[in-house]
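Trainee: Handing over coords27.cif, mmCIF, C-alpha atoms (C1' of nucleotides).
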data_entry
#
loop_
_atom_site.group_PDB
_atom_site.id
_atom_site.type_symbol
_atom_site.label_atom_id
_atom_site.label_comp_id
_atom_site.auth_asym_id
_atom_site.auth_seq_id
_atom_site.Cartn_x
_atom_site.Cartn_y
_atom_site.Cartn_z
ATOM 1 C CA MET A 25 41.526 4.834 -16.296
ATOM 2 C CA VAL A 26 41.972 1.199 -17.118
ATOM 3 C CA ASN A 27 42.511 0.616 -20.820
ATOM 4 C CA GLN A 28 40.304 -1.554 -22.976
ATOM 5 C CA ASN A 29 42.597 -4.558 -23.109
ATOM 6 C CA GLU A 30 43.058 -4.552 -19.350
ATOM 7 C CA GLU A 31 39.319 -4.209 -18.916
ATOM 8 C CA ASN A 32 38.693 -7.183 -21.177
ATOM 9 C CA LEU A 33 41.334 -9.235 -19.359
ATOM 10 C CA ASN A 34 39.486 -8.491 -16.128
ATOM 11 C CA GLU A 35 36.284 -9.771 -17.647
ATOM 12 C CA VAL A 36 37.885 -12.811 -19.252
ATOM 13 C CA PHE A 37 39.641 -13.943 -16.094
ATOM 14 C CA HIS A 38 36.514 -13.259 -14.091
ATOM 15 C CA ALA A 39 34.485 -15.347 -16.496
ATOM 16 C CA LEU A 40 36.981 -18.195 -16.133
ATOM 17 C CA ALA A 41 36.886 -18.078 -12.338
ATOM 18 C CA ASN A 42 33.825 -20.301 -12.101
ATOM 19 C CA ASP A 43 33.398 -24.069 -12.581
ATOM 20 C CA THR A 44 30.064 -23.815 -14.291
ATOM 21 C CA ARG A 45 31.383 -21.369 -16.860
ATOM 22 C CA ARG A 46 34.574 -23.358 -17.453
ATOM 23 C CA ASP A 47 32.433 -26.468 -17.977
ATOM 24 C CA MET A 48 30.297 -24.559 -20.448
ATOM 25 C CA ILE A 49 33.420 -23.528 -22.314
ATOM 26 C CA ARG A 50 34.472 -27.171 -22.466
ATOM 27 C CA MET A 51 31.076 -28.063 -23.887
ATOM 28 C CA MET A 52 31.214 -25.350 -26.524
ATOM 29 C CA ALA A 53 34.757 -26.382 -27.403
ATOM 30 C CA GLU A 54 33.326 -29.749 -28.450
ATOM 31 C CA GLU A 55 30.673 -28.078 -30.532
ATOM 32 C CA GLU A 56 28.356 -25.100 -30.484
ATOM 33 C CA ARG A 57 25.396 -25.404 -28.121
ATOM 34 C CA THR A 58 21.974 -23.974 -27.543
ATOM 35 C CA VAL A 59 21.161 -22.400 -24.193
ATOM 36 C CA SER A 60 19.174 -25.423 -23.013
ATOM 37 C CA GLU A 61 21.918 -27.806 -24.110
ATOM 38 C CA LEU A 62 24.340 -25.759 -22.045
ATOM 39 C CA ALA A 63 21.921 -25.852 -19.125
ATOM 40 C CA GLU A 64 21.269 -29.590 -19.222
ATOM 41 C CA PRO A 65 24.168 -30.906 -17.078
ATOM 42 C CA PHE A 66 23.669 -28.353 -14.319
ATOM 43 C CA ASP A 67 21.305 -28.471 -11.379
ATOM 44 C CA MET A 68 20.411 -24.837 -11.760
ATOM 45 C CA SER A 69 17.594 -22.687 -13.125
ATOM 46 C CA LEU A 70 17.642 -21.505 -16.719
ATOM 47 C CA ALA A 71 17.720 -17.965 -15.429
ATOM 48 C CA ALA A 72 21.030 -18.688 -13.704
ATOM 49 C CA ILE A 73 22.414 -20.298 -16.872
ATOM 50 C CA SER A 74 21.301 -17.288 -18.853
ATOM 51 C CA LYS A 75 23.341 -15.061 -16.539
ATOM 52 C CA HIS A 76 26.436 -17.252 -16.879
ATOM 53 C CA ILE A 77 26.128 -17.039 -20.645
ATOM 54 C CA LYS A 78 25.927 -13.268 -20.373
ATOM 55 C CA VAL A 79 29.139 -13.194 -18.387
ATOM 56 C CA LEU A 80 30.872 -15.216 -21.103
ATOM 57 C CA GLU A 81 29.391 -12.931 -23.733
ATOM 58 C CA ARG A 82 30.466 -9.765 -21.932
ATOM 59 C CA ALA A 83 34.000 -11.175 -21.776
ATOM 60 C CA ASN A 84 33.789 -11.627 -25.522
ATOM 61 C CA LEU A 85 34.456 -15.343 -25.078
ATOM 62 C CA ILE A 86 31.411 -16.456 -27.031
ATOM 63 C CA GLU A 87 29.028 -15.255 -29.675
ATOM 64 C CA ARG A 88 25.358 -15.972 -29.840
ATOM 65 C CA ILE A 89 23.459 -16.725 -33.022
ATOM 66 C CA VAL A 90 19.737 -16.187 -32.526
ATOM 67 C CA ASN A 91 17.885 -18.735 -34.572
ATOM 68 C CA GLY A 92 14.167 -18.360 -34.101
ATOM 69 C CA ARG A 93 13.494 -18.941 -30.444
ATOM 70 C CA THR A 94 16.693 -20.890 -29.842
ATOM 71 C CA HIS A 95 20.018 -19.206 -29.276
ATOM 72 C CA ILE A 96 23.177 -20.954 -30.445
ATOM 73 C CA CYS A 97 26.338 -20.216 -28.468
ATOM 74 C CA ARG A 98 29.741 -20.567 -30.011
ATOM 75 C CA LEU A 99 33.217 -19.956 -28.645
ATOM 76 C CA LYS A 100 35.314 -17.101 -29.951
ATOM 77 C CA THR A 101 39.021 -17.638 -29.632
ATOM 78 C CA GLU A 102 40.301 -14.062 -29.506
ATOM 79 C CA SER A 103 39.740 -13.184 -25.852
ATOM 80 C CA LEU A 104 40.837 -16.594 -24.700
ATOM 81 C CA SER A 105 44.081 -16.340 -26.578
ATOM 82 C CA GLN A 106 44.596 -12.846 -25.156
ATOM 83 C CA ALA A 107 44.407 -14.356 -21.680
ATOM 84 C CA THR A 108 46.683 -17.201 -22.743
ATOM 85 C CA GLU A 109 49.190 -14.661 -23.998
ATOM 86 C CA TRP A 110 49.148 -12.818 -20.701
ATOM 87 C CA LEU A 111 49.911 -16.011 -18.811
ATOM 88 C CA HIS A 112 52.372 -17.181 -21.421
ATOM 89 C CA PHE A 113 54.431 -14.033 -20.966
ATOM 90 C CA TYR A 114 55.073 -14.969 -17.361
ATOM 91 C CA GLU A 115 55.600 -18.610 -18.147
ATOM 92 C CA LYS A 116 58.422 -17.671 -20.502
ATOM 93 C CA PHE A 117 59.804 -15.242 -17.966
ATOM 94 C CA TRP A 118 59.915 -17.847 -15.256
ATOM 95 C CA SER A 119 61.511 -20.542 -17.344
ATOM 96 C CA LYS A 120 64.139 -17.953 -18.295
ATOM 97 C CA ARG A 121 64.740 -17.181 -14.626
ATOM 98 C CA PHE A 122 64.893 -20.878 -13.911
ATOM 99 C CA ASP A 123 67.464 -21.388 -16.682
ATOM 100 C CA LEU A 124 69.477 -18.489 -15.313
ATOM 101 C CA LEU A 125 69.407 -19.920 -11.823
ATOM 102 C CA GLU A 126 70.413 -23.291 -13.174
ATOM 103 C CA SER A 127 73.347 -21.862 -15.108
ATOM 104 C CA GLU A 128 74.492 -20.033 -11.960
ATOM 105 C CA LEU A 129 74.362 -23.308 -10.092
ATOM 106 C CA MET A 130 76.420 -25.001 -12.812
ATOM 107 C CA LYS A 131 79.001 -22.209 -12.660
ATOM 108 C CA ALA A 132 79.178 -22.585 -8.866
ATOM 109 C CA LYS A 133 79.604 -26.312 -9.251
ATOM 110 C CA ARG A 134 82.432 -25.949 -11.751
ATOM 111 C CA LYS A 135 84.237 -23.656 -9.312
ATOM 112 C CA GLU A 136 83.962 -26.290 -6.602
ATOM 113 C CA HIS A 137 86.194 -28.744 -8.482
ATOM 114 C CA MET B 4 31.355 -30.927 -4.580
ATOM 115 C CA VAL B 5 34.002 -29.017 -6.427
ATOM 116 C CA ASN B 6 37.365 -30.737 -6.336
ATOM 117 C CA GLN B 7 40.547 -29.131 -5.057
ATOM 118 C CA ASN B 8 42.066 -28.350 -8.441
ATOM 119 C CA GLU B 9 38.866 -26.759 -9.676
ATOM 120 C CA GLU B 10 38.649 -24.757 -6.479
ATOM 121 C CA ASN B 11 42.208 -23.510 -6.896
ATOM 122 C CA LEU B 12 41.550 -22.625 -10.543
ATOM 123 C CA ASN B 13 38.613 -20.547 -9.374
ATOM 124 C CA GLU B 14 40.855 -18.689 -6.973
ATOM 125 C CA VAL B 15 43.690 -18.271 -9.454
ATOM 126 C CA PHE B 16 41.472 -16.870 -12.200
ATOM 127 C CA HIS B 17 39.700 -14.682 -9.693
ATOM 128 C CA ALA B 18 43.039 -13.356 -8.465
ATOM 129 C CA LEU B 19 44.031 -12.562 -12.052
ATOM 130 C CA ALA B 20 40.781 -10.728 -12.781
ATOM 131 C CA ASN B 21 42.045 -7.446 -11.371
ATOM 132 C CA ASP B 22 44.525 -4.872 -12.748
ATOM 133 C CA THR B 23 46.110 -4.098 -9.429
ATOM 134 C CA ARG B 24 46.844 -7.732 -8.746
ATOM 135 C CA ARG B 25 48.129 -8.372 -12.275
ATOM 136 C CA ASP B 26 50.416 -5.362 -11.879
ATOM 137 C CA MET B 27 51.657 -6.743 -8.590
ATOM 138 C CA ILE B 28 52.404 -10.047 -10.273
ATOM 139 C CA ARG B 29 54.394 -8.194 -12.913
ATOM 140 C CA MET B 30 56.375 -6.449 -10.171
ATOM 141 C CA MET B 31 57.100 -9.687 -8.355
ATOM 142 C CA ALA B 32 58.083 -11.317 -11.645
ATOM 143 C CA GLU B 33 60.911 -8.754 -11.865
ATOM 144 C CA GLU B 34 61.998 -9.496 -8.319
ATOM 145 C CA GLU B 35 60.544 -10.283 -4.935
ATOM 146 C CA ARG B 36 58.965 -7.331 -3.134
ATOM 147 C CA THR B 37 58.013 -6.193 0.314
ATOM 148 C CA VAL B 38 54.423 -5.162 1.011
ATOM 149 C CA SER B 39 55.237 -1.445 0.927
ATOM 150 C CA GLU B 40 57.202 -1.832 -2.304
ATOM 151 C CA LEU B 41 54.165 -3.509 -3.804
ATOM 152 C CA ALA B 42 51.976 -0.708 -2.479
ATOM 153 C CA GLU B 43 54.128 2.146 -3.762
ATOM 154 C CA PRO B 44 52.775 2.538 -7.340
ATOM 155 C CA PHE B 45 49.141 2.440 -6.280
ATOM 156 C CA ASP B 46 46.946 5.223 -4.994
ATOM 157 C CA MET B 47 45.381 3.019 -2.386
ATOM 158 C CA SER B 48 45.599 2.382 1.348
ATOM 159 C CA LEU B 49 47.979 -0.215 2.727
ATOM 160 C CA ALA B 50 44.984 -2.054 4.103
ATOM 161 C CA ALA B 51 43.644 -2.483 0.569
ATOM 162 C CA ILE B 52 47.051 -3.672 -0.665
ATOM 163 C CA SER B 53 47.188 -6.130 2.209
ATOM 164 C CA LYS B 54 43.885 -7.603 1.057
ATOM 165 C CA HIS B 55 45.078 -7.929 -2.535
ATOM 166 C CA ILE B 56 48.145 -9.763 -1.326
ATOM 167 C CA LYS B 57 45.916 -12.118 0.642
ATOM 168 C CA VAL B 58 43.927 -12.905 -2.485
ATOM 169 C CA LEU B 59 47.143 -13.792 -4.319
ATOM 170 C CA GLU B 60 48.265 -15.860 -1.358
ATOM 171 C CA ARG B 61 44.959 -17.711 -1.101
ATOM 172 C CA ALA B 62 45.270 -18.555 -4.795
ATOM 173 C CA ASN B 63 48.685 -19.992 -3.997
ATOM 174 C CA LEU B 64 50.235 -17.573 -6.491
ATOM 175 C CA ILE B 65 52.740 -16.145 -4.035
ATOM 176 C CA GLU B 66 54.508 -17.003 -0.834
ATOM 177 C CA ARG B 67 55.359 -14.617 1.946
ATOM 178 C CA ILE B 68 58.594 -14.659 3.875
ATOM 179 C CA VAL B 69 58.202 -12.794 7.162
ATOM 180 C CA ASN B 70 61.447 -11.093 7.938
ATOM 181 C CA GLY B 71 61.179 -9.135 11.143
ATOM 182 C CA ARG B 72 58.552 -6.495 10.596
ATOM 183 C CA THR B 73 58.759 -6.616 6.812
ATOM 184 C CA HIS B 74 57.083 -9.265 4.701
ATOM 185 C CA ILE B 75 58.708 -10.330 1.459
ATOM 186 C CA CYS B 76 56.398 -11.546 -1.297
ATOM 187 C CA ARG B 77 57.594 -13.898 -3.964
ATOM 188 C CA LEU B 78 55.819 -15.514 -6.897
ATOM 189 C CA LYS B 79 55.205 -19.233 -6.964
ATOM 190 C CA THR B 80 54.895 -20.736 -10.396
ATOM 191 C CA GLU B 81 52.754 -23.780 -9.731
ATOM 192 C CA SER B 82 49.259 -22.282 -9.679
ATOM 193 C CA LEU B 83 50.015 -19.973 -12.549
ATOM 194 C CA SER B 84 51.190 -22.821 -14.718
ATOM 195 C CA GLN B 85 48.077 -24.772 -13.745
ATOM 196 C CA ALA B 86 45.986 -21.917 -15.136
ATOM 197 C CA THR B 87 48.201 -21.734 -18.204
ATOM 198 C CA GLU B 88 47.688 -25.444 -18.764
ATOM 199 C CA TRP B 89 43.938 -25.041 -18.562
ATOM 200 C CA LEU B 90 43.995 -22.338 -21.213
ATOM 201 C CA HIS B 91 46.572 -24.154 -23.261
ATOM 202 C CA PHE B 92 44.341 -27.189 -23.526
ATOM 203 C CA TYR B 93 41.753 -25.124 -25.392
ATOM 204 C CA GLU B 94 44.331 -23.309 -27.437
ATOM 205 C CA LYS B 95 45.533 -26.643 -28.806
ATOM 206 C CA PHE B 96 41.978 -27.763 -29.340
ATOM 207 C CA TRP B 97 41.110 -24.696 -31.352
ATOM 208 C CA SER B 98 44.178 -24.774 -33.528
ATOM 209 C CA LYS B 99 43.323 -28.396 -34.270
ATOM 210 C CA ARG B 100 39.795 -27.398 -35.206
ATOM 211 C CA PHE B 101 41.163 -24.575 -37.280
ATOM 212 C CA ASP B 102 43.507 -26.963 -39.100
ATOM 213 C CA LEU B 103 40.598 -29.294 -39.716
ATOM 214 C CA LEU B 104 38.476 -26.495 -41.112
ATOM 215 C CA GLU B 105 41.351 -25.393 -43.269
ATOM 216 C CA SER B 106 41.894 -28.870 -44.664
ATOM 217 C CA GLU B 107 38.174 -29.095 -45.467
ATOM 218 C CA LEU B 108 38.444 -25.814 -47.332
ATOM 219 C CA MET B 109 41.444 -27.105 -49.269
ATOM 220 C CA LYS B 110 39.550 -30.245 -50.178
ATOM 221 C CA ALA B 111 36.597 -28.153 -51.360
ATOM 222 C CA LYS B 112 38.929 -25.972 -53.374
ATOM 223 C CA ARG B 113 40.538 -28.930 -55.081
ATOM 224 C CA LYS B 114 37.117 -30.184 -56.088
ATOM 225 C CA GLU B 115 36.322 -26.819 -57.664
ATOM 226 C CA HIS B 116 39.057 -27.198 -60.277
ATOM 227 C "C1'" DA C 6 -6.214 -18.820 -31.838
ATOM 228 C "C1'" DT C 7 -4.233 -21.220 -27.955
ATOM 229 C "C1'" DT C 8 -0.722 -23.620 -25.918
ATOM 230 C "C1'" DT C 9 3.990 -25.054 -25.498
ATOM 231 C "C1'" DT C 10 8.716 -24.179 -25.774
ATOM 232 C "C1'" DG C 11 13.233 -21.622 -25.503
ATOM 233 C "C1'" DA C 12 14.949 -18.078 -23.544
ATOM 234 C "C1'" DT C 13 15.282 -13.393 -21.097
ATOM 235 C "C1'" DT C 14 14.094 -10.091 -17.521
ATOM 236 C "C1'" DA C 15 12.778 -8.370 -12.988
ATOM 237 C "C1'" DA C 16 12.787 -8.458 -8.190
ATOM 238 C "C1'" DC C 17 14.731 -10.438 -4.488
ATOM 239 C "C1'" DC C 18 18.303 -12.627 -1.163
ATOM 240 C "C1'" DA C 19 22.707 -13.905 0.912
ATOM 241 C "C1'" DT C 20 27.320 -13.484 0.385
ATOM 242 C "C1'" DG C 21 31.591 -11.604 -1.634
ATOM 243 C "C1'" DT C 22 34.567 -7.734 -3.338
ATOM 244 C "C1'" DA C 23 37.179 -3.605 -3.262
ATOM 245 C "C1'" DG C 24 37.820 0.101 -1.081
ATOM 246 C "C1'" DT C 25 37.829 3.266 3.227
ATOM 247 C "C1'" DT C 26 39.430 4.870 8.188
ATOM 248 C "C1'" DA C 27 40.816 3.766 12.713
ATOM 249 C "C1'" DA C 28 42.855 0.688 15.904
ATOM 250 C "C1'" DA C 29 46.007 -3.032 16.927
ATOM 251 C "C1'" DT C 30 50.367 -5.702 16.639
ATOM 252 C "C1'" DA C 31 55.047 -6.498 16.400
ATOM 253 C "C1'" DT C 32 59.681 -5.272 15.380
ATOM 254 C "C1'" DA C 33 63.416 -1.733 15.008
ATOM 255 C "C1'" DA C 34 65.583 2.440 16.279
ATOM 256 C "C1'" DC C 35 66.640 6.088 19.484
ATOM 257 C "C1'" DG D 12 61.261 2.538 27.536
ATOM 258 C "C1'" DT D 13 59.317 5.539 24.142
ATOM 259 C "C1'" DT D 14 58.704 6.353 19.464
ATOM 260 C "C1'" DA D 15 58.634 5.171 14.703
ATOM 261 C "C1'" DT D 16 57.893 1.773 11.076
ATOM 262 C "C1'" DA D 17 55.821 -2.250 8.566
ATOM 263 C "C1'" DT D 18 51.967 -4.568 8.333
ATOM 264 C "C1'" DT D 19 47.434 -6.644 9.677
ATOM 265 C "C1'" DT D 20 42.791 -6.550 11.522
ATOM 266 C "C1'" DA D 21 38.214 -4.699 12.405
ATOM 267 C "C1'" DA D 22 34.267 -2.251 11.262
ATOM 268 C "C1'" DC D 23 32.109 -0.047 7.797
ATOM 269 C "C1'" DT D 24 30.313 1.243 2.880
ATOM 270 C "C1'" DA D 25 28.824 0.624 -1.873
ATOM 271 C "C1'" DC D 26 28.374 -2.359 -5.294
ATOM 272 C "C1'" DA D 27 28.853 -7.108 -7.729
ATOM 273 C "C1'" DT D 28 27.936 -12.093 -7.832
ATOM 274 C "C1'" DG D 29 25.409 -16.265 -8.047
ATOM 275 C "C1'" DG D 30 21.530 -18.092 -7.074
ATOM 276 C "C1'" DT D 31 16.203 -18.170 -6.589
ATOM 277 C "C1'" DT D 32 11.050 -17.656 -8.305
ATOM 278 C "C1'" DA D 33 7.681 -15.388 -11.028
ATOM 279 C "C1'" DA D 34 6.580 -12.813 -14.975
ATOM 280 C "C1'" DT D 35 7.405 -11.728 -19.776
ATOM 281 C "C1'" DC D 36 8.378 -12.355 -24.752
ATOM 282 C "C1'" DA D 37 8.675 -14.422 -29.135
ATOM 283 C "C1'" DA D 38 8.542 -18.357 -32.107
ATOM 284 C "C1'" DA D 39 6.618 -23.095 -32.998
ATOM 285 C "C1'" DA D 40 3.354 -26.511 -32.752
ATOM 286 C "C1'" DT D 41 -1.346 -27.975 -32.234
#
Could you show the structure in this file as structure tokens?
Mentor:
Amino acid sequence: MVNQNEENLNEVFHALANDTRRDMIRMMAEEERTVSELAEPFDMSLAAISKHIKVLERANLIERIVNGRTHICRLKTESLSQATEWLHFYEKFWSKRFDLLESELMKAKRKEH
Amino acid sequence: MVNQNEENLNEVFHALANDTRRDMIRMMAEEERTVSELAEPFDMSLAAISKHIKVLERANLIERIVNGRTHICRLKTESLSQATEWLHFYEKFWSKRFDLLESELMKAKRKEH
DNA sequence: ATTTTGATTAACCATGTAGTTAAATATAAC
DNA sequence: GTTATATTTAACTACATGGTTAATCAAAAT
């Protein structure tokens, strides 16, 4: 029922709705990281970290390069920018509405004098 | 542990991670809506709609004006723009990285000749 | 060849989510 | 004052989430 883009937006926003995962994104934005590097700042089992990474992967927010026994995780921009676009659409809309409201107020003010 | 902004970001992104709620936001972006107006397009009980509205409210994405027995729901921009800012931060970051990469490529190219 | 290391998987738990139906609440209309 | 309307709340279901520990797997180091 739900189309692919919508489905991915669901997954992207869901992935972003968690501190740990947002922190991981921040870390990977600095530079690509291995799983244990990603795990290091968190007081949490590696199994839990592994699951968080999977959520990011499922949302298509990161890619994983398997390099021997270490996995390197790297941000992908596409899904993130899709989410940004969604939000941006409404941002524009609202500023437009705000401008409109403002111009109405100005008109009203001019009439007063 | 988690600060208030982080907590609200969690709730905002969680609220956005659902088609029905994103559709509702689109509807309210056009104009403010009553609960039954919001419910109309969806094949879903009013109780379910009521819960979705609560999620949006908890995320501080909307406000509700109780007007007799009807409730009017209206978007609030603050939380949304907070989320937009979060995403925007990384957008900027990536374009910067992209520019950097590009300039490295240019440098390499110049050396070739 | 054995052990250590980096990471995933499985099984489990408590809690949350997204929906349902039925009952309750409060206002409006007759 | 009874009925109809707009909406919420409660109790329930099925499934997802975010964590745990223990077991597994594959590559690296000894």
Trainee: Between chain C and region 75-82 of chain A, at 12 Å or less, what are the per-residue closest atom pairs and their distances in Å? Count only C-alpha atoms (C1' of nucleotides), order by chain and rising residue number, and return it as CSV.
Mentor:
residue,atom,partner,partner_atom,distance
C:DA12,C1',A:Lys75,CA,11.3
C:DT13,C1',A:Lys75,CA,9.4
C:DT14,C1',A:Lys75,CA,10.5
Trainee: Evaluating the PyMOL selection byres ((chain B) within 12 of (chain A)) on the displayed file yields which residues, as a VMD selection string?
Mentor: chain B and resid 4 to 26 28 to 34 62 78 to 101
Trainee: Where does chain B meet chain C within 9 Å, residue by residue, with the nearest atom pair and distance in Å to one decimal for each, counting only C-alpha atoms (C1' of nucleotides), listed by chain and rising number, as a tab-separated table?
Mentor:
residue	atom	partner	partner_atom	distance
B:Met47	CA	C:DG24	C1'	8.2
B:Ser48	CA	C:DT25	C1'	8.0
B:Ala50	CA	C:DT25	C1'	9.0
B:Ala51	CA	C:DG24	C1'	6.6
B:Lys54	CA	C:DA23	C1'	8.9
B:Gly71	CA	C:DT32	C1'	5.9
B:Arg72	CA	C:DT32	C1'	5.1
B:Thr73	CA	C:DT32	C1'	8.7
Trainee: Output as CSV one row per residue of chain D within 10 Å of chain A: the closest atom pair and its distance in Å to one decimal place, counting only C-alpha atoms (C1' of nucleotides), sorted by chain and residue number ascending.
Mentor:
residue,atom,partner,partner_atom,distance
D:DG29,C1',A:Ala72,CA,7.6
D:DG30,C1',A:Ala72,CA,6.7
D:DT31,C1',A:Ser69,CA,8.1
D:DT32,C1',A:Ser69,CA,9.6
D:DA37,C1',A:Arg93,CA,6.7
D:DA38,C1',A:Arg93,CA,5.3
D:DA39,C1',A:Arg93,CA,8.4
Trainee: Suppose you want the space between CA of Ile86 (chain A) and CA of Glu56 (chain A); what is it in Å?
Mentor: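 Between CA of Ile86 (chain A) and CA of Glu56 (chain A) the gap is 9.8 Å.
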Trainee: Determine the residue membership of the PyMOL selection byres ((chain A and resi 97) around 6) for the file above and supply it as number ranges by chain.
Mentor: A: 56-58, 87-88, 96, 98
Trainee: Using the selection just defined, write its residues with C-alpha atoms as an mmCIF file, in the coordinates of the input.
Mentor:
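Here's the written file again10.cif:
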data_model
loop_
_atom_site.group_PDB
_atom_site.id
_atom_site.type_symbol
_atom_site.label_atom_id
_atom_site.label_comp_id
_atom_site.auth_asym_id
_atom_site.auth_seq_id
_atom_site.Cartn_x
_atom_site.Cartn_y
_atom_site.Cartn_z
ATOM 1 C CA GLU A 56 28.356 -25.100 -30.484
ATOM 2 C CA ARG A 57 25.396 -25.404 -28.121
ATOM 3 C CA THR A 58 21.974 -23.974 -27.543
ATOM 4 C CA GLU A 87 29.028 -15.255 -29.675
ATOM 5 C CA ARG A 88 25.358 -15.972 -29.840
ATOM 6 C CA ILE A 96 23.177 -20.954 -30.445
ATOM 7 C CA ARG A 98 29.741 -20.567 -30.011
#
Trainee: Tell me, in Å to one decimal, how far CA of His74 (chain B) is from CA of Met27 (chain B).
Mentor: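 That distance, rounded to one decimal, is 14.6 Å.
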Trainee: Could you please determine the separation between CA of Asp46 (chain B) and C1' of DT19 (chain D) in Å, to one decimal place?
Mentor: 18.9 Å
